[in-house]
>>> print(open('run_19.tsv').read())   # TSV, C-alpha atoms and all ligand atoms
chain	number	residue	atom	x	y	z
D	1	MET	CA	192.78	-31.19	223.38
D	2	LYS	CA	193.31	-27.45	223.12
D	3	LYS	CA	196.86	-26.24	222.68
D	4	ASP	CA	198.13	-22.86	223.76
D	5	PHE	CA	200.81	-22.68	221.07
D	6	VAL	CA	201.08	-22.84	217.29
D	7	VAL	CA	204.13	-23.79	215.22
D	8	THR	CA	203.84	-23.71	211.42
D	9	PRO	CA	206.22	-22.25	208.82
D	10	TRP	CA	204.06	-19.11	208.76
D	11	GLU	CA	203.03	-18.71	212.34
D	12	VAL	CA	204.76	-19.33	215.64
D	13	LYS	CA	203.00	-18.21	218.79
D	14	GLY	CA	202.37	-19.09	222.39
D	15	ASP	CA	204.41	-20.82	225.05
D	16	ILE	CA	205.88	-23.70	223.09
D	17	ASP	CA	206.02	-27.22	224.52
D	18	TYR	CA	208.99	-28.64	222.61
D	19	ASP	CA	208.58	-32.21	223.89
D	20	LYS	CA	205.05	-32.24	222.57
D	21	LEU	CA	206.26	-30.91	219.22
D	22	ILE	CA	208.83	-33.70	218.89
D	23	LYS	CA	206.02	-36.25	219.25
D	24	GLU	CA	203.69	-34.35	216.96
D	25	PHE	CA	206.28	-33.83	214.22
D	26	GLY	CA	207.71	-37.33	214.63
D	27	THR	CA	211.33	-36.28	215.11
D	28	GLN	CA	213.96	-37.57	217.56
D	29	ALA	CA	215.31	-35.82	220.63
D	30	ILE	CA	219.06	-35.20	220.55
D	31	ASP	CA	220.46	-37.41	223.33
D	32	ASP	CA	223.89	-37.80	224.95
D	33	LYS	CA	224.76	-40.74	222.74
D	34	LEU	CA	224.31	-38.64	219.62
D	35	LEU	CA	226.27	-35.78	221.16
D	36	GLU	CA	229.17	-38.15	221.85
D	37	ARG	CA	229.03	-39.36	218.29
D	38	ILE	CA	229.12	-35.82	216.92
D	39	LYS	CA	231.97	-34.97	219.29
D	40	LYS	CA	234.09	-37.77	217.84
D	41	HIS	CA	234.31	-35.67	214.70
D	42	THR	CA	234.06	-32.12	215.98
D	43	LYS	CA	236.27	-32.59	219.09
D	44	GLU	CA	234.06	-30.19	221.03
D	45	ILE	CA	230.35	-29.79	221.50
D	46	HIS	CA	228.89	-26.45	220.48
D	47	TYR	CA	227.14	-24.64	223.33
D	48	MET	CA	223.87	-24.73	221.42
D	49	LEU	CA	224.04	-28.53	221.51
D	50	ARG	CA	225.19	-28.61	225.14
D	51	ARG	CA	222.30	-26.40	226.17
D	52	ASN	CA	219.73	-28.24	224.12
D	53	ILE	CA	219.01	-25.16	221.97
D	54	PHE	CA	219.43	-27.58	219.10
D	55	PHE	CA	217.25	-30.28	220.61
D	56	SER	CA	215.75	-32.41	217.86
D	57	HIS	CA	216.84	-34.21	214.70
D	58	ARG	CA	216.00	-36.56	211.88
D	59	ASP	CA	218.37	-39.26	210.61
D	60	MET	CA	221.56	-37.89	212.20
D	61	ASN	CA	222.87	-41.39	212.87
D	62	TRP	CA	222.45	-42.31	209.22
D	63	LEU	CA	224.22	-39.09	208.21
D	64	LEU	CA	227.16	-39.88	210.48
D	65	ASP	CA	227.28	-43.49	209.22
D	66	GLU	CA	227.71	-42.10	205.72
D	67	TYR	CA	230.24	-39.51	206.89
D	68	GLU	CA	232.27	-42.25	208.55
D	69	LYS	CA	232.21	-44.14	205.26
D	70	LYS	CA	233.76	-41.01	203.72
D	71	ASN	CA	230.49	-40.07	202.07
D	72	LYS	CA	230.53	-36.37	203.02
D	73	PHE	CA	227.29	-34.42	203.33
D	74	PHE	CA	226.47	-30.86	202.38
D	75	LEU	CA	224.59	-28.36	204.56
D	76	TYR	CA	221.43	-26.61	203.45
D	77	THR	CA	219.56	-23.80	205.19
D	78	GLY	CA	217.84	-20.59	204.18
D	79	ARG	CA	216.12	-17.32	204.84
D	80	SER	CA	213.00	-15.96	203.28
D	81	PRO	CA	213.65	-12.22	202.86
D	82	SER	CA	210.83	-10.17	204.36
D	83	GLY	CA	212.39	-7.62	206.68
D	84	ASN	CA	215.54	-6.92	208.64
D	85	ILE	CA	217.44	-9.65	210.44
D	86	HIS	CA	217.02	-9.93	214.17
D	87	LEU	CA	219.02	-11.90	216.72
D	88	GLY	CA	216.60	-14.83	216.62
D	89	HIS	CA	217.38	-15.39	212.94
D	90	LEU	CA	221.10	-15.65	213.67
D	91	VAL	CA	220.76	-18.57	216.09
D	92	PRO	CA	220.61	-21.44	213.52
D	93	TRP	CA	223.12	-19.70	211.25
D	94	ILE	CA	225.77	-19.31	213.95
D	95	PHE	CA	225.43	-23.03	214.54
D	96	THR	CA	225.48	-23.82	210.82
D	97	LYS	CA	228.77	-21.98	210.47
D	98	TRP	CA	230.21	-24.11	213.26
D	99	LEU	CA	229.07	-27.26	211.46
D	100	GLN	CA	230.59	-26.03	208.21
D	101	ASP	CA	233.94	-25.38	209.89
D	102	LYS	CA	234.03	-28.57	211.94
D	103	PHE	CA	232.99	-30.96	209.18
D	104	ASP	CA	234.59	-28.91	206.41
D	105	VAL	CA	231.57	-29.14	204.13
D	106	GLU	CA	229.74	-27.13	201.49
D	107	LEU	CA	226.77	-24.97	202.47
D	108	TRP	CA	223.86	-24.17	200.17
D	109	PHE	CA	221.95	-21.16	201.43
D	110	GLN	CA	218.57	-20.47	199.87
D	111	PHE	CA	216.88	-17.06	199.73
D	112	PRO	CA	213.36	-17.84	198.50
D	113	ASP	CA	212.51	-14.26	197.57
D	114	GLU	CA	209.05	-15.30	196.37
D	115	GLU	CA	207.92	-16.92	199.63
D	116	LYS	CA	206.87	-13.91	201.68
D	117	PHE	CA	205.66	-12.17	198.52
D	118	LEU	CA	203.22	-15.05	198.07
D	119	PHE	CA	202.26	-15.37	201.71
D	120	LYS	CA	201.99	-11.74	202.84
D	121	ASP	CA	199.63	-9.11	201.53
D	122	ASN	CA	201.86	-6.17	202.36
D	123	LEU	CA	205.09	-7.19	200.57
D	124	THR	CA	205.85	-6.56	196.90
D	125	LEU	CA	208.43	-8.55	194.96
D	126	ASP	CA	210.59	-5.41	194.93
D	127	ASP	CA	210.46	-5.41	198.73
D	128	THR	CA	211.54	-9.02	199.09
D	129	GLN	CA	214.30	-8.61	196.51
D	130	TYR	CA	215.56	-5.57	198.40
D	131	TYR	CA	215.55	-7.54	201.65
D	132	PHE	CA	217.36	-10.42	199.99
D	133	LYS	CA	220.45	-8.22	199.74
D	134	GLU	CA	220.03	-6.73	203.19
D	135	ASN	CA	219.67	-10.23	204.67
D	136	ALA	CA	222.51	-11.71	202.63
D	137	TYR	CA	224.91	-9.15	204.16
D	138	ASP	CA	224.08	-10.52	207.61
D	139	VAL	CA	224.68	-14.09	206.48
D	140	ILE	CA	228.03	-13.16	204.95
D	141	ALA	CA	228.99	-11.20	208.07
D	142	LEU	CA	228.82	-14.41	210.11
D	143	GLY	CA	231.93	-15.56	208.26
D	144	PHE	CA	230.82	-18.52	206.16
D	145	ASN	CA	233.62	-19.98	204.07
D	146	GLN	CA	233.24	-18.15	200.80
D	147	LYS	CA	234.71	-20.96	198.71
D	148	LYS	CA	232.28	-23.48	200.16
D	149	THR	CA	229.12	-21.40	200.44
D	150	HIS	CA	226.61	-20.99	197.61
D	151	PHE	CA	223.64	-18.65	197.67
D	152	LEU	CA	220.56	-19.68	195.72
D	153	VAL	CA	217.98	-16.97	195.09
D	154	ASP	CA	214.73	-18.38	193.73
D	155	THR	CA	213.97	-15.64	191.19
D	156	ILE	CA	217.62	-15.39	190.09
D	157	HIS	CA	218.30	-19.14	189.91
D	158	ALA	CA	214.83	-19.94	188.59
D	159	ASN	CA	216.22	-21.42	185.41
D	160	LEU	CA	218.14	-24.01	187.38
D	161	MET	CA	215.60	-24.60	190.14
D	162	TYR	CA	212.28	-24.69	188.31
D	163	LYS	CA	213.17	-27.83	186.42
D	164	GLU	CA	213.67	-29.66	189.70
D	165	ALA	CA	210.76	-27.99	191.49
D	166	ILE	CA	208.20	-29.31	189.03
D	167	LYS	CA	209.47	-32.84	189.59
D	168	VAL	CA	208.77	-32.34	193.27
D	169	ALA	CA	205.43	-30.61	192.70
D	170	LYS	CA	204.14	-33.45	190.54
D	171	LYS	CA	204.47	-35.77	193.53
D	172	ILE	CA	202.65	-33.58	196.07
D	173	THR	CA	198.87	-33.34	196.03
D	174	PHE	CA	196.76	-30.44	197.22
D	175	SER	CA	195.34	-32.61	199.98
D	176	THR	CA	198.86	-33.38	201.25
D	177	THR	CA	199.68	-29.67	201.55
D	178	LYS	CA	196.31	-29.06	203.18
D	179	ALA	CA	197.05	-31.66	205.81
D	180	ALA	CA	200.65	-30.51	206.37
D	181	PHE	CA	200.10	-26.76	206.40
D	182	GLY	CA	196.41	-26.29	207.08
D	183	PHE	CA	195.87	-24.66	203.68
D	184	THR	CA	192.31	-23.74	202.79
D	185	ASN	CA	190.66	-23.33	199.39
D	186	ASP	CA	191.13	-19.56	199.35
D	187	MET	CA	194.95	-19.94	199.37
D	188	ASN	CA	196.66	-18.60	196.24
D	189	ILE	CA	198.18	-21.32	194.06
D	190	GLY	CA	201.69	-19.84	194.27
D	191	ALA	CA	201.67	-20.43	198.01
D	192	ILE	CA	200.52	-24.00	197.49
D	193	PHE	CA	203.41	-24.60	195.07
D	194	TYR	CA	206.03	-22.95	197.27
D	195	THR	CA	207.08	-26.00	199.29
D	196	SER	CA	208.45	-27.57	196.09
D	197	MET	CA	210.90	-24.66	195.74
D	198	GLN	CA	212.09	-25.09	199.32
D	199	THR	CA	212.66	-28.78	198.61
D	200	VAL	CA	214.98	-28.25	195.64
D	201	PRO	CA	218.24	-27.28	197.43
D	202	ALA	CA	218.02	-30.50	199.47
D	203	PHE	CA	218.96	-32.44	196.33
D	204	LEU	CA	220.10	-29.86	193.74
D	205	PRO	CA	223.79	-30.35	194.65
D	206	SER	CA	223.32	-34.05	193.81
D	207	VAL	CA	221.80	-33.11	190.46
D	208	ILE	CA	224.69	-30.79	189.69
D	209	ALA	CA	227.39	-33.25	190.82
D	210	LYS	CA	225.57	-36.10	189.04
D	211	LYS	CA	225.93	-38.25	192.16
D	212	ASN	CA	223.95	-38.76	195.31
D	213	ILE	CA	225.24	-36.59	198.20
D	214	PRO	CA	223.78	-36.70	201.73
D	215	CYS	CA	222.19	-33.47	202.95
D	216	LEU	CA	221.88	-32.00	206.46
D	217	ILE	CA	219.43	-29.17	207.12
D	218	PRO	CA	219.83	-27.10	210.31
D	219	MET	CA	216.66	-25.07	210.88
D	220	GLY	CA	214.18	-23.49	213.25
D	221	PHE	CA	211.62	-26.14	214.16
D	222	ASP	CA	208.84	-24.26	212.35
D	223	GLN	CA	210.42	-25.19	209.00
D	224	ASP	CA	210.17	-28.93	209.58
D	225	PRO	CA	206.70	-29.40	208.01
D	226	HIS	CA	208.15	-28.53	204.59
D	227	PHE	CA	210.66	-31.31	204.84
D	228	ARG	CA	208.22	-33.76	206.38
D	229	VAL	CA	206.33	-33.45	203.10
D	230	SER	CA	209.35	-33.45	200.84
D	231	ARG	CA	211.52	-36.15	202.40
D	232	ASP	CA	209.34	-38.85	200.84
D	233	VAL	CA	209.25	-37.08	197.51
D	234	ILE	CA	213.02	-36.70	197.43
D	235	THR	CA	213.50	-40.48	197.80
D	236	LYS	CA	210.97	-41.07	195.03
D	237	LEU	CA	213.18	-38.90	192.81
D	238	GLY	CA	216.12	-41.16	193.65
D	239	TYR	CA	218.00	-39.02	196.17
D	240	TYR	CA	218.78	-39.47	199.87
D	241	LYS	CA	216.27	-38.26	202.42
D	242	PRO	CA	217.83	-35.15	203.99
D	243	ALA	CA	218.81	-35.32	207.67
D	244	ALA	CA	217.77	-32.45	209.91
D	245	LEU	CA	218.72	-30.60	213.09
D	246	HIS	CA	216.09	-28.41	214.76
D	247	CYS	CA	216.51	-25.51	217.15
D	248	ARG	CA	214.31	-23.71	219.63
D	249	PHE	CA	213.23	-20.12	219.11
D	250	LEU	CA	214.83	-17.18	220.81
D	251	PRO	CA	211.97	-15.85	222.95
D	252	ALA	CA	210.61	-12.35	222.40
D	253	LEU	CA	212.08	-9.65	224.62
D	254	SER	CA	208.72	-9.03	226.23
D	255	GLY	CA	207.78	-12.60	227.05
D	256	PRO	CA	207.99	-16.28	226.21
D	257	MET	CA	206.79	-15.99	222.61
D	258	LYS	CA	209.07	-16.33	219.59
D	259	MET	CA	210.75	-13.07	218.60
D	260	SER	CA	208.75	-11.48	215.84
D	261	ALA	CA	210.20	-9.24	213.18
D	262	SER	CA	206.90	-7.45	212.84
D	263	GLU	CA	206.79	-6.25	216.43
D	264	GLU	CA	209.51	-3.66	217.04
D	265	SER	CA	209.53	-4.01	220.80
D	266	THR	CA	210.05	-7.76	220.84
D	267	ALA	CA	213.13	-7.95	218.64
D	268	ILE	CA	216.66	-6.59	218.39
D	269	TYR	CA	217.86	-6.09	214.85
D	270	THR	CA	221.43	-6.52	213.65
D	271	THR	CA	221.33	-2.89	212.51
D	272	ASP	CA	220.21	-1.46	215.86
D	273	SER	CA	222.52	1.15	217.42
D	274	PRO	CA	223.94	0.63	220.93
D	275	GLU	CA	221.47	3.19	222.28
D	276	VAL	CA	218.49	1.43	220.72
D	277	VAL	CA	219.66	-1.92	222.10
D	278	GLU	CA	220.04	-0.42	225.56
D	279	ASN	CA	216.64	1.22	225.49
D	280	LYS	CA	214.79	-1.82	224.22
D	281	ILE	CA	216.29	-4.10	226.85
D	282	LYS	CA	215.74	-1.65	229.68
D	283	LYS	CA	212.20	-0.95	228.60
D	284	TYR	CA	210.91	-4.29	227.33
D	285	ALA	CA	212.98	-7.24	228.58
D	286	PHE	CA	210.65	-9.33	230.73
D	287	SER	CA	212.11	-9.64	234.20
D	288	GLY	CA	212.13	-12.47	236.71
D	289	GLY	CA	213.09	-10.01	239.45
D	290	ARG	CA	211.18	-8.94	242.52
D	291	GLU	CA	209.06	-5.84	243.06
D	292	THR	CA	211.64	-4.02	245.18
D	293	ILE	CA	215.41	-4.23	245.57
D	294	LYS	CA	214.96	-5.15	249.20
D	295	GLU	CA	212.71	-8.07	248.36
D	296	HIS	CA	215.00	-9.13	245.50
D	297	ARG	CA	218.02	-9.23	247.81
D	298	LYS	CA	216.06	-11.25	250.33
D	299	LYS	CA	214.23	-13.75	248.13
D	300	GLY	CA	216.25	-13.68	244.90
D	301	GLY	CA	215.07	-13.52	241.29
D	302	ASN	CA	213.82	-16.22	238.93
D	303	PRO	CA	216.27	-16.72	236.03
D	304	ASP	CA	214.07	-19.43	234.50
D	305	ILE	CA	211.46	-16.90	233.43
D	306	ASP	CA	213.79	-13.91	233.05
D	307	ILE	CA	214.23	-13.06	229.37
D	308	SER	CA	217.64	-11.38	229.80
D	309	TYR	CA	218.95	-14.58	231.32
D	310	GLN	CA	217.22	-16.71	228.67
D	311	TRP	CA	218.85	-14.61	225.96
D	312	LEU	CA	222.26	-15.07	227.54
D	313	THR	CA	221.83	-18.85	227.25
D	314	PHE	CA	221.62	-18.28	223.48
D	315	LEU	CA	224.44	-15.72	223.31
D	316	GLU	CA	227.00	-16.32	226.06
D	317	GLU	CA	229.31	-19.15	225.10
D	318	ASP	CA	231.08	-19.40	228.45
D	319	ASP	CA	229.31	-21.97	230.67
D	320	LYS	CA	231.04	-20.80	233.85
D	321	LYS	CA	230.01	-17.18	233.35
D	322	LEU	CA	226.47	-18.25	232.65
D	323	GLN	CA	226.31	-20.46	235.74
D	324	ASN	CA	227.56	-17.64	237.94
D	325	ILE	CA	224.93	-15.29	236.54
D	326	TYR	CA	222.24	-17.91	237.17
D	327	HIS	CA	223.24	-18.43	240.78
D	328	ASP	CA	223.81	-14.77	241.54
D	329	TYR	CA	220.44	-13.82	240.14
D	330	LYS	CA	218.71	-16.61	242.00
D	331	SER	CA	220.35	-15.69	245.28
D	332	GLY	CA	219.54	-12.02	244.89
D	333	ALA	CA	223.17	-10.92	244.68
D	334	LEU	CA	222.58	-9.79	241.09
D	335	LEU	CA	219.87	-7.22	240.46
D	336	THR	CA	217.66	-7.07	237.37
D	337	SER	CA	219.29	-3.81	236.26
D	338	GLU	CA	222.72	-5.46	236.52
D	339	LEU	CA	221.60	-8.56	234.64
D	340	LYS	CA	220.17	-6.37	231.90
D	341	GLN	CA	223.47	-4.49	231.71
D	342	ILE	CA	225.35	-7.78	231.19
D	343	LEU	CA	223.03	-8.59	228.28
D	344	ILE	CA	223.32	-5.08	226.82
D	345	ASN	CA	227.12	-5.30	226.88
D	346	LYS	CA	227.08	-8.78	225.35
D	347	ILE	CA	224.81	-7.75	222.47
D	348	ASN	CA	226.49	-4.42	221.79
D	349	GLY	CA	229.91	-6.08	221.79
D	350	PHE	CA	228.68	-8.61	219.26
D	351	LEU	CA	226.87	-6.05	217.08
D	352	LYS	CA	229.85	-3.71	216.93
D	353	GLU	CA	231.87	-6.41	215.18
D	354	HIS	CA	228.93	-7.74	213.19
D	355	GLN	CA	228.06	-4.32	211.79
D	356	LYS	CA	231.64	-3.78	210.61
D	357	LYS	CA	231.64	-7.14	208.85
D	358	ARG	CA	228.20	-6.40	207.45
D	359	GLU	CA	229.52	-3.25	205.78
D	360	LYS	CA	232.36	-5.23	204.21
D	361	ALA	CA	229.91	-7.90	203.08
D	362	LYS	CA	228.29	-5.45	200.66
D	363	LYS	CA	231.27	-5.88	198.38
D	364	GLN	CA	231.39	-9.66	198.77
D	365	LEU	CA	227.85	-10.65	197.80
D	366	ASP	CA	228.66	-11.53	194.22
D	367	LYS	CA	231.30	-14.04	195.33
D	368	TYR	CA	228.73	-15.97	197.36
D	369	MET	CA	226.18	-16.20	194.54
D	370	PHE	CA	226.07	-19.68	193.00
D	371	LYS	CA	227.34	-19.69	189.44
D	372	ASN	CA	226.66	-22.78	187.41
D	373	ARG	CA	229.68	-23.46	185.25
E	401	LIG	N1	211.25	-20.69	204.67
E	401	LIG	C1	212.38	-20.17	205.38
E	401	LIG	C2	212.02	-18.81	206.01
E	401	LIG	O1	210.87	-18.50	206.17
E	401	LIG	C3	213.58	-20.01	204.47
E	401	LIG	C4	214.22	-21.31	204.08
E	401	LIG	C5	214.38	-21.78	202.80
E	401	LIG	C6	214.80	-22.28	204.94
E	401	LIG	N2	215.00	-22.97	202.81
E	401	LIG	C7	215.29	-23.32	204.08
E	401	LIG	C8	214.98	-22.37	206.33
E	401	LIG	C9	215.92	-24.44	204.62
E	401	LIG	C10	215.62	-23.51	206.86
E	401	LIG	C11	216.07	-24.52	206.01
E	401	LIG	O2	212.88	-18.05	206.40
>>> encode(input="run_19.tsv", output="structure tokens")
Amino acid sequence: MKKDFVVTPWEVKGDIDYDKLIKEFGTQAIDDKLLERIKKHTKEIHYMLRRNIFFSHRDMNWLLDEYEKKNKFFLYTGRSPSGNIHLGHLVPWIFTKWLQDKFDVELWFQFPDEEKFLFKDNLTLDDTQYYFKENAYDVIALGFNQKKTHFLVDTIHANLMYKEAIKVAKKITFSTTKAAFGFTNDMNIGAIFYTSMQTVPAFLPSVIAKKNIPCLIPMGFDQDPHFRVSRDVITKLGYYKPAALHCRFLPALSGPMKMSASEESTAIYTTDSPEVVENKIKKYAFSGGRETIKEHRKKGGNPDIDISYQWLTFLEEDDKKLQNIYHDYKSGALLTSELKQILINKINGFLKEHQKKREKAKKQLDKYMFKNR
């Protein structure tokens, strides 16, 4: 059967059928029962869970069993530096911060600065190391608890990580990576090895603490193939299989595809000025509105395909506000230009604060770097 979408760690394109992906990847849908169970501990349910933006998981019930037995987990997520941060990147991190606060747990944040160097022809190691810092400022700006957050940078923490990575690598064959990632014989051998480096932070805290600690990895769904491969390996090394939470992708401004950092017009960067944000949304945001104002008033717009509305479901926390926007757009009371203005204000309000915090973050980076004492 031909599919009209692709989801791998290196390529996401097309109109993604998430239900199909759950079956294909062998994960579980997040259901109401699990939400209730999470709520017992967090007291509230984050809007990204309520709205099914985080929609899939592995082993969350096991993780909560352990948590309820006072066996606390740590969080692990990451970012492969390759360019500036856009709003789509922030989605899993905003949620990760909420998890850190609610469960009061440690977060290990990996910056594999070799990944995109190995996988892309047009990036030097200097480039990715430059972007590591640029990207780290955005992560810090989100307000992660500095005492409980540890940055791991593959080329900086190589001494610590390599020892563990080779244990992983020894248990993964070339044919396994071929099957999981579609690698072909012309792939460079650094790229083939890479998945072992991404596996390490899922158990490194256990190595350091000299005891087995459960791990929870919040991530974009495209990252799951790495952990599908490494979950088995991690148990063979004597550690717990990491649990996972998966989120959907923020669609591109211009249509239903994932937002791509390499296409200017489809993404809004955290460093964009208010004018740039306004222009991009006015010019590119795909609209579910009608041809003319008259027709729009009469027949109403279609929020389900309208990208400004879709973006607000990722960014506007207030359910009531969102519902009103949905109904007003559908009835024709709200015009496309007005809907776009709501989104522009929302993003510019957020970025104004974020950019201030991002400036401050430049002095804080060292405090977030993991130091093995
Ligand atoms: N490979 C991810 C990227 O392309 C970065 C990453 C490293 C990551 N470790 C992770 C993402 C763990 C999610 C969870 O950005």
>>> axis_aligned_box(input="run_19.tsv", around="region 295-299 of chain D", padding_each_side="8 Å", output="AutoDock Vina command-line options")
--center_x 215.4 --center_y -10.9 --center_z 247.9 --size_x 21.3 --size_y 21.7 --size_z 20.8
>>> residues_near_ligand(input="run_19.tsv", ligand="ligand LIG 401 (chain E)", cutoff="8 Å", atoms="all atoms listed in the file", output="PDB file with C-alpha atoms, in the frame of the given file")
ATOM      1  CA  PRO D   9     206.220 -22.250 208.820  1.00  0.00           C
ATOM      2  CA  TRP D  10     204.060 -19.110 208.760  1.00  0.00           C
ATOM      3  CA  TYR D  76     221.430 -26.610 203.450  1.00  0.00           C
ATOM      4  CA  THR D  77     219.560 -23.800 205.190  1.00  0.00           C
ATOM      5  CA  GLY D  78     217.840 -20.590 204.180  1.00  0.00           C
ATOM      6  CA  ARG D  79     216.120 -17.320 204.840  1.00  0.00           C
ATOM      7  CA  SER D  80     213.000 -15.960 203.280  1.00  0.00           C
ATOM      8  CA  PRO D  81     213.650 -12.220 202.860  1.00  0.00           C
ATOM      9  CA  PHE D 109     221.950 -21.160 201.430  1.00  0.00           C
ATOM     10  CA  GLN D 110     218.570 -20.470 199.870  1.00  0.00           C
ATOM     11  CA  PHE D 111     216.880 -17.060 199.730  1.00  0.00           C
ATOM     12  CA  PRO D 112     213.360 -17.840 198.500  1.00  0.00           C
ATOM     13  CA  GLU D 115     207.920 -16.920 199.630  1.00  0.00           C
ATOM     14  CA  LYS D 116     206.870 -13.910 201.680  1.00  0.00           C
ATOM     15  CA  GLN D 198     212.090 -25.090 199.320  1.00  0.00           C
ATOM     16  CA  THR D 199     212.660 -28.780 198.610  1.00  0.00           C
ATOM     17  CA  PRO D 201     218.240 -27.280 197.430  1.00  0.00           C
ATOM     18  CA  ILE D 217     219.430 -29.170 207.120  1.00  0.00           C
ATOM     19  CA  PRO D 218     219.830 -27.100 210.310  1.00  0.00           C
ATOM     20  CA  MET D 219     216.660 -25.070 210.880  1.00  0.00           C
ATOM     21  CA  GLY D 220     214.180 -23.490 213.250  1.00  0.00           C
ATOM     22  CA  GLN D 223     210.420 -25.190 209.000  1.00  0.00           C
TER      23      GLN D 223
END
>>> atom_distance(input="run_19.tsv", atom1="CA of Phe249 (chain D)", atom2="CA of Phe221 (chain D)")
8.0 Å
>>> atom_distance(input="run_19.tsv", atom1="CA of Met161 (chain D)", atom2="CA of Val200 (chain D)")
6.6 Å
>>> atom_distance(input="run_19.tsv", atom1="CA of Lys120 (chain D)", atom2="CA of Gly88 (chain D)")
20.3 Å
>>> closest_residue(input="run_19.tsv", among="D:Asn212, D:Ser273, D:Gln323, D:Ser56", to="Lys20 (chain D)", atoms="only C-alpha atoms")
D:Ser56
>>> closest_residue(input="run_19.tsv", among="D:Lys171, D:Lys39, D:Gly289, D:Ala333", to="Ser230 (chain D)", atoms="only C-alpha atoms")
D:Lys171
>>> closest_atom_pairs(input="run_19.tsv", of="region 40-125 of chain D", to="region 315-319 of chain D", cutoff="12 Å", atoms="only C-alpha atoms", output="JSON lines")
{"residue": "D:Ile45", "atom": "CA", "partner": "D:Glu317", "partner_atom": "CA", "distance": 11.3}
{"residue": "D:His46", "atom": "CA", "partner": "D:Glu317", "partner_atom": "CA", "distance": 8.6}
{"residue": "D:Tyr47", "atom": "CA", "partner": "D:Glu317", "partner_atom": "CA", "distance": 6.2}
{"residue": "D:Met48", "atom": "CA", "partner": "D:Glu317", "partner_atom": "CA", "distance": 8.6}
{"residue": "D:Leu49", "atom": "CA", "partner": "D:Glu317", "partner_atom": "CA", "distance": 11.3}
{"residue": "D:Arg50", "atom": "CA", "partner": "D:Asp319", "partner_atom": "CA", "distance": 9.6}
{"residue": "D:Arg51", "atom": "CA", "partner": "D:Asp319", "partner_atom": "CA", "distance": 9.4}
{"residue": "D:Ile53", "atom": "CA", "partner": "D:Leu315", "partner_atom": "CA", "distance": 11.0}
{"residue": "D:Leu87", "atom": "CA", "partner": "D:Leu315", "partner_atom": "CA", "distance": 9.3}
{"residue": "D:Gly88", "atom": "CA", "partner": "D:Leu315", "partner_atom": "CA", "distance": 10.3}
{"residue": "D:Leu90", "atom": "CA", "partner": "D:Leu315", "partner_atom": "CA", "distance": 10.2}
{"residue": "D:Val91", "atom": "CA", "partner": "D:Leu315", "partner_atom": "CA", "distance": 8.6}
{"residue": "D:Pro92", "atom": "CA", "partner": "D:Leu315", "partner_atom": "CA", "distance": 12.0}
{"residue": "D:Ile94", "atom": "CA", "partner": "D:Leu315", "partner_atom": "CA", "distance": 10.1}
{"residue": "D:Phe95", "atom": "CA", "partner": "D:Leu315", "partner_atom": "CA", "distance": 11.5}
>>> residues_around(input="run_19.tsv", residues="region 239-246 of chain D", least_positions_apart="2", cutoff="8 Å", atoms="only C-alpha atoms", output="VMD selection string")
chain D and resid 54 to 60 63 202 to 203 206 212 to 221 224 231 to 232 234 to 237 248
>>> residues_around(input="run_19.tsv", residues="Lys283 (chain D)", least_positions_apart="5", cutoff="10 Å", atoms="all atoms listed in the file", output="PyMOL selection string")
chain D and resi 253-254+265+277-278
>>> residues_near_point(input="run_19.tsv", point="(215.6, -21.7, 189.2)", cutoff="12 Å", atoms="only C-alpha atoms", output="number ranges by chain")
D: 110-114, 152-166, 196-198, 200-201, 204, 370-372
>>> closest_residue(input="run_19.tsv", among="D:Thr8, D:Gly255, D:Ile325, D:Leu365", to="Phe183 (chain D)", atoms="all atoms listed in the file")
D:Thr8
>>> residues_around(input="run_19.tsv", residues="Tyr326 (chain D)", least_positions_apart="6", cutoff="9 Å", atoms="all atoms listed in the file", output="ChimeraX atom specification")
/D:302-304,309
>>> residues_near_point(input="run_19.tsv", point="(198.3, -29.3, 201.7)", cutoff="10 Å", atoms="all atoms listed in the file", output="list in words")
Ile172, Thr173, Phe174, Ser175, Thr176, Thr177, Lys178, Ala179, Ala180, Phe181, Gly182, Phe183, Thr184, Asn185, Ile192, Phe193, Thr195 and Val229 of chain D
>>> build_atoms(input="run_19.tsv", residues="region 334-340 of chain D", atoms="N, CA and C atoms", output="tab-separated table (two decimals), keeping the file's coordinate frame")
chain	number	residue	atom	x	y	z
D	334	LEU	N	222.60	-10.53	242.36
D	334	LEU	CA	222.58	-9.79	241.09
D	334	LEU	C	221.18	-9.20	240.89
D	335	LEU	N	221.15	-7.89	240.65
D	335	LEU	CA	219.87	-7.22	240.46
D	335	LEU	C	219.44	-7.28	238.98
D	336	THR	N	218.17	-7.05	238.74
D	336	THR	CA	217.66	-7.07	237.37
D	336	THR	C	218.39	-6.06	236.49
D	337	SER	N	218.60	-4.85	237.05
D	337	SER	CA	219.29	-3.81	236.26
D	337	SER	C	220.70	-4.25	235.89
D	338	GLU	N	221.36	-4.98	236.79
D	338	GLU	CA	222.72	-5.46	236.52
D	338	GLU	C	222.72	-6.60	235.50
D	339	LEU	N	221.73	-7.47	235.61
D	339	LEU	CA	221.60	-8.56	234.64
D	339	LEU	C	221.33	-7.98	233.25
D	340	LYS	N	220.46	-7.00	233.19
D	340	LYS	CA	220.17	-6.37	231.90
D	340	LYS	C	221.43	-5.73	231.31
